[in-house]
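Undergrad: Quick one: structure below, then a few questions.
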Amino acid sequence: MEQLSYSAFSADLHQRHVGERVPLQVSIEVTRRCPLECLHCYNNLPMGDLEAKQRELTKEEHFRVLDELVEMGCFWILYTGGEIFARKDFLEIYTYAKQKGFLVTLFTNGTIINEQIADYLAEWPPFAIEITLYGRTRETYEALTAIPGSYDRCLRGIGLLRERGLPLKLKTVATSINKHEVSAMRRFAEEELGVEFKMDGQINPRIDCSQSPLAVRLTPEDVVALDMSAPKGMSEYRRLAKHDLENPPNLAQIDTVYHCGGGMSGFAINAYGEMGICVISQQETFSVREVGVRKVWEDSLLRLRARKRTRVTKCIQCRIQSLCGMCPANGEMESGDRESPVEFLCHVAHLRAAAVGVEIPAHGECEFCAGGGQHDDMMESARRIANKEIDVESWVRPQAILPILGNSSAASGCGNCGH
């Protein structure tokens with residue numbers, strides 16, 4: 001049988017269980033500690049953060065969570081961090097999940113993977129392992145991770161997994177530091193290694209409210225230029241836009257704040273045992289330590305998922321939602337307001353549509369629609385992208401890394417936490 005991708009399989013499962021509200025897939029953050037200090041990261045903490053380590057769910061608590069998830073009908077687990085292998089007991093947690101029959105996906109940066117870990121994973125293979133590659137050269141990779149030697153350790157981890165035939169995928173977060181090497185990273189993955197490669201240009205503020213990651217966020221034009229440079233990028237966004245325009249606006253059909261699968265077909269548990277809609281939504285979470293997973297799922301998370309929206313925004317009638325990626329968690333992280341549109345995402349969505357030649361129906365007061373204050377500039381940018389006047393292959397490394405805001409309250413502004 002052809003192996004479905006994680007996202008395609010998840011969507012299929014969600015359709016089969018409409019109305020049943022079964023947590024088929026759960027993301028579990030085992031730690032926020034990480035050996036890297038990536039400039040764009042939304043949640044990483046130092047490896048030696050003892051306070052964070054002491055707050056983390058214990059191994060036994062992870063076992064109890066997995067026991068409950070089996071009883072609740074879940075069968076797909078994503079383990080993420082921080083860096084999952086920062087926990088010395090992670091393989092014990094992972095093994096318990098495998099023994100329970102879960103399909104398991106692992107997100108890692110690969111830098112801690114050694115022969116022993118690779119051999120163990122070969123014996124107990126996961127459904128998929130996704131490693132984030134931050135550059136194709138040592139200089140660029142370590143400019144973003146801020147840790148000397150991390151590039152070589154990452155490549156070593158990739159090599160060890162490949163030697164053992166494990167189901168590996170590579171991905172990157174495109175930033176102003178590494179954008180000139182995205183194409184080279186794609187070629188390395190697809191042509192040299194023969195593995196799937198994904199690129200994401202979305203960067204969020206940190207969950208502790210610091211805006212520091214935004215200092216390396218790409219411009220909307222750069223994001224879309226990279227999108228369209230990918231194989232089938234243009235045709236895929238044209239297909240998504242066509243589908244949207246042939247159907248009523250999705251958000252107009254519902255009256256709740258949330259419109260994703262979070263709280264319906266899945267949820268996330270953070271490193272400290274708090275359940276939320278997803279891994280990036282930390283504004284409102286509920287401790288499973290105190291009452292258990294099922295109780296939170298059936299009570300607190302259900303009430304959160306059913307919360308009605310309080311106002312109409314330009315997103316409600318938007319007809320290109322598949323090009324956007326906007327969700328309440330993005331609004332929460334960007335401004336502390338789940339119902340507020342994120343202008344960066346709106347800009348990117350309109351630029352994607354314009355670059356593939358799609359006319360966007362008016363959907364309220366929008367700066368990027370016809371008559372809006374940024375429409376003409378956006379259309380000129382789309383013209384440059386469509387005509388391939390922006391050559392991503394000719395991009396060169398930045399001469400100097402931009403000054404990065406510190407991860408302190410002085411750099412914050414989202415207002416969604418007390419840090």
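Numbering starts fresh at 1 for the residues of each chain in the structure tokens, the chains themselves are lettered A, B, ... in the order given, and ligands are numbered from 1 as they appear.
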Based on the backbone DSSP call, show me all residues of segment 163-378 of chain A assigned helix (DSSP H, G or I), as JSON, numbers by chain.
TA: {"A": [163, 179, 180, 181, 182, 183, 184, 185, 186, 187, 188, 189, 190, 191, 192, 193, 212, 213, 214, 215, 216, 220, 221, 222, 223, 224, 225, 226, 227, 228, 229, 233, 234, 235, 236, 237, 238, 239, 240, 241, 242, 243, 244, 245, 250, 251, 252, 253, 288, 289, 290, 291, 293, 294, 295, 296, 297, 298, 300, 301, 302, 303, 304, 305, 321, 322, 323, 328, 329, 330, 331, 332, 333, 334, 335, 343, 344, 345, 346, 347, 348, 349, 350, 351, 352, 353, 354, 355, 375, 376, 377, 378]}
Undergrad: Would you mind writing down, as a list in words, each residue of segment 238-415 of chain A that DSSP on the backbone assigns to strand (DSSP E)?
TA: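 DSSP on the backbone gives strand (DSSP E) at Gly266, Phe267, Ala268, Ile269, Glu274, Met275, Gly276, Phe286 and Ser287 of chain A.
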Undergrad: Keeping N, CA and C atoms, export the residues of the selection given above as an mmCIF file, in the first residue's frame.
TA:
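Result file is part_20.cif:
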data_model
loop_
_atom_site.group_PDB
_atom_site.id
_atom_site.type_symbol
_atom_site.label_atom_id
_atom_site.label_comp_id
_atom_site.auth_asym_id
_atom_site.auth_seq_id
_atom_site.Cartn_x
_atom_site.Cartn_y
_atom_site.Cartn_z
ATOM 1 N N GLY A 266 -7.137 16.229 17.572
ATOM 2 C CA GLY A 266 -5.844 16.155 18.229
ATOM 3 C C GLY A 266 -5.636 17.310 19.178
ATOM 4 N N PHE A 267 -4.480 17.304 19.830
ATOM 5 C CA PHE A 267 -4.100 18.374 20.746
ATOM 6 C C PHE A 267 -2.606 18.276 20.991
ATOM 7 N N ALA A 268 -2.086 19.137 21.857
ATOM 8 C CA ALA A 268 -0.666 19.119 22.190
ATOM 9 C C ALA A 268 -0.499 19.149 23.700
ATOM 10 N N ILE A 269 0.543 18.463 24.169
ATOM 11 C CA ILE A 269 0.921 18.513 25.583
ATOM 12 C C ILE A 269 2.330 19.068 25.637
ATOM 13 N N GLU A 274 1.052 20.472 30.269
ATOM 14 C CA GLU A 274 -0.099 21.344 30.033
ATOM 15 C C GLU A 274 -0.644 21.098 28.632
ATOM 16 N N MET A 275 -1.943 20.824 28.542
ATOM 17 C CA MET A 275 -2.575 20.524 27.263
ATOM 18 C C MET A 275 -3.134 21.789 26.628
ATOM 19 N N GLY A 276 -2.916 21.923 25.327
ATOM 20 C CA GLY A 276 -3.456 23.055 24.586
ATOM 21 C C GLY A 276 -3.902 22.619 23.203
ATOM 22 N N PHE A 286 -4.053 23.609 30.034
ATOM 23 C CA PHE A 286 -4.663 22.973 31.202
ATOM 24 C C PHE A 286 -3.804 21.791 31.634
ATOM 25 N N SER A 287 -3.500 21.717 32.915
ATOM 26 C CA SER A 287 -2.599 20.694 33.428
ATOM 27 C C SER A 287 -3.242 19.312 33.413
#
Undergrad: Please provide the set of residues having any atom within 6 Å of segment 68-74 of chain A, restricted to only C-alpha atoms, with same-chain residues fewer than 5 positions apart removed, written as a list in words.
TA: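 The filter keeps Pro23, Leu24 and Gln25 of chain A.
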Undergrad: Please, could you write that set of residues out with N, CA, C and O atoms as a PDB file, in the first residue's frame?
TA:
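Result file result-v2.pdb:
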ATOM      1  N   PRO A  23      -9.228  12.089  19.694  1.00  0.00           N
ATOM      2  CA  PRO A  23      -7.859  12.598  19.564  1.00  0.00           C
ATOM      3  C   PRO A  23      -6.959  11.602  18.853  1.00  0.00           C
ATOM      4  O   PRO A  23      -6.192  10.871  19.466  1.00  0.00           O
ATOM      5  N   LEU A  24      -7.039  11.590  17.538  1.00  0.00           N
ATOM      6  CA  LEU A  24      -6.311  10.607  16.744  1.00  0.00           C
ATOM      7  C   LEU A  24      -4.819  10.881  16.714  1.00  0.00           C
ATOM      8  O   LEU A  24      -4.014   9.968  16.591  1.00  0.00           O
ATOM      9  N   GLN A  25      -4.438  12.145  16.812  1.00  0.00           N
ATOM     10  CA  GLN A  25      -3.023  12.519  16.726  1.00  0.00           C
ATOM     11  C   GLN A  25      -2.694  13.530  17.810  1.00  0.00           C
ATOM     12  O   GLN A  25      -3.428  14.487  18.029  1.00  0.00           O
TER      13      GLN A  25
END
Undergrad: Measuring between only C-alpha atoms, which one of A:Lys179, A:Leu245, A:Arg217, A:Glu130 shows the shortest distance to Lys198 of chain A?
TA: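 Answer, going by the shortest atom-to-atom distance: A:Glu130.
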Undergrad: Arg338 of chain A: which residues within 9 Å, counting only C-alpha atoms, same-chain residues fewer than 6 positions away excluded, as a list in words?
TA: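 In the requested format, the answer is Val257, Tyr258, Cys327, Pro328, Ala329, Asn330, Gly331 and Glu332 of chain A.
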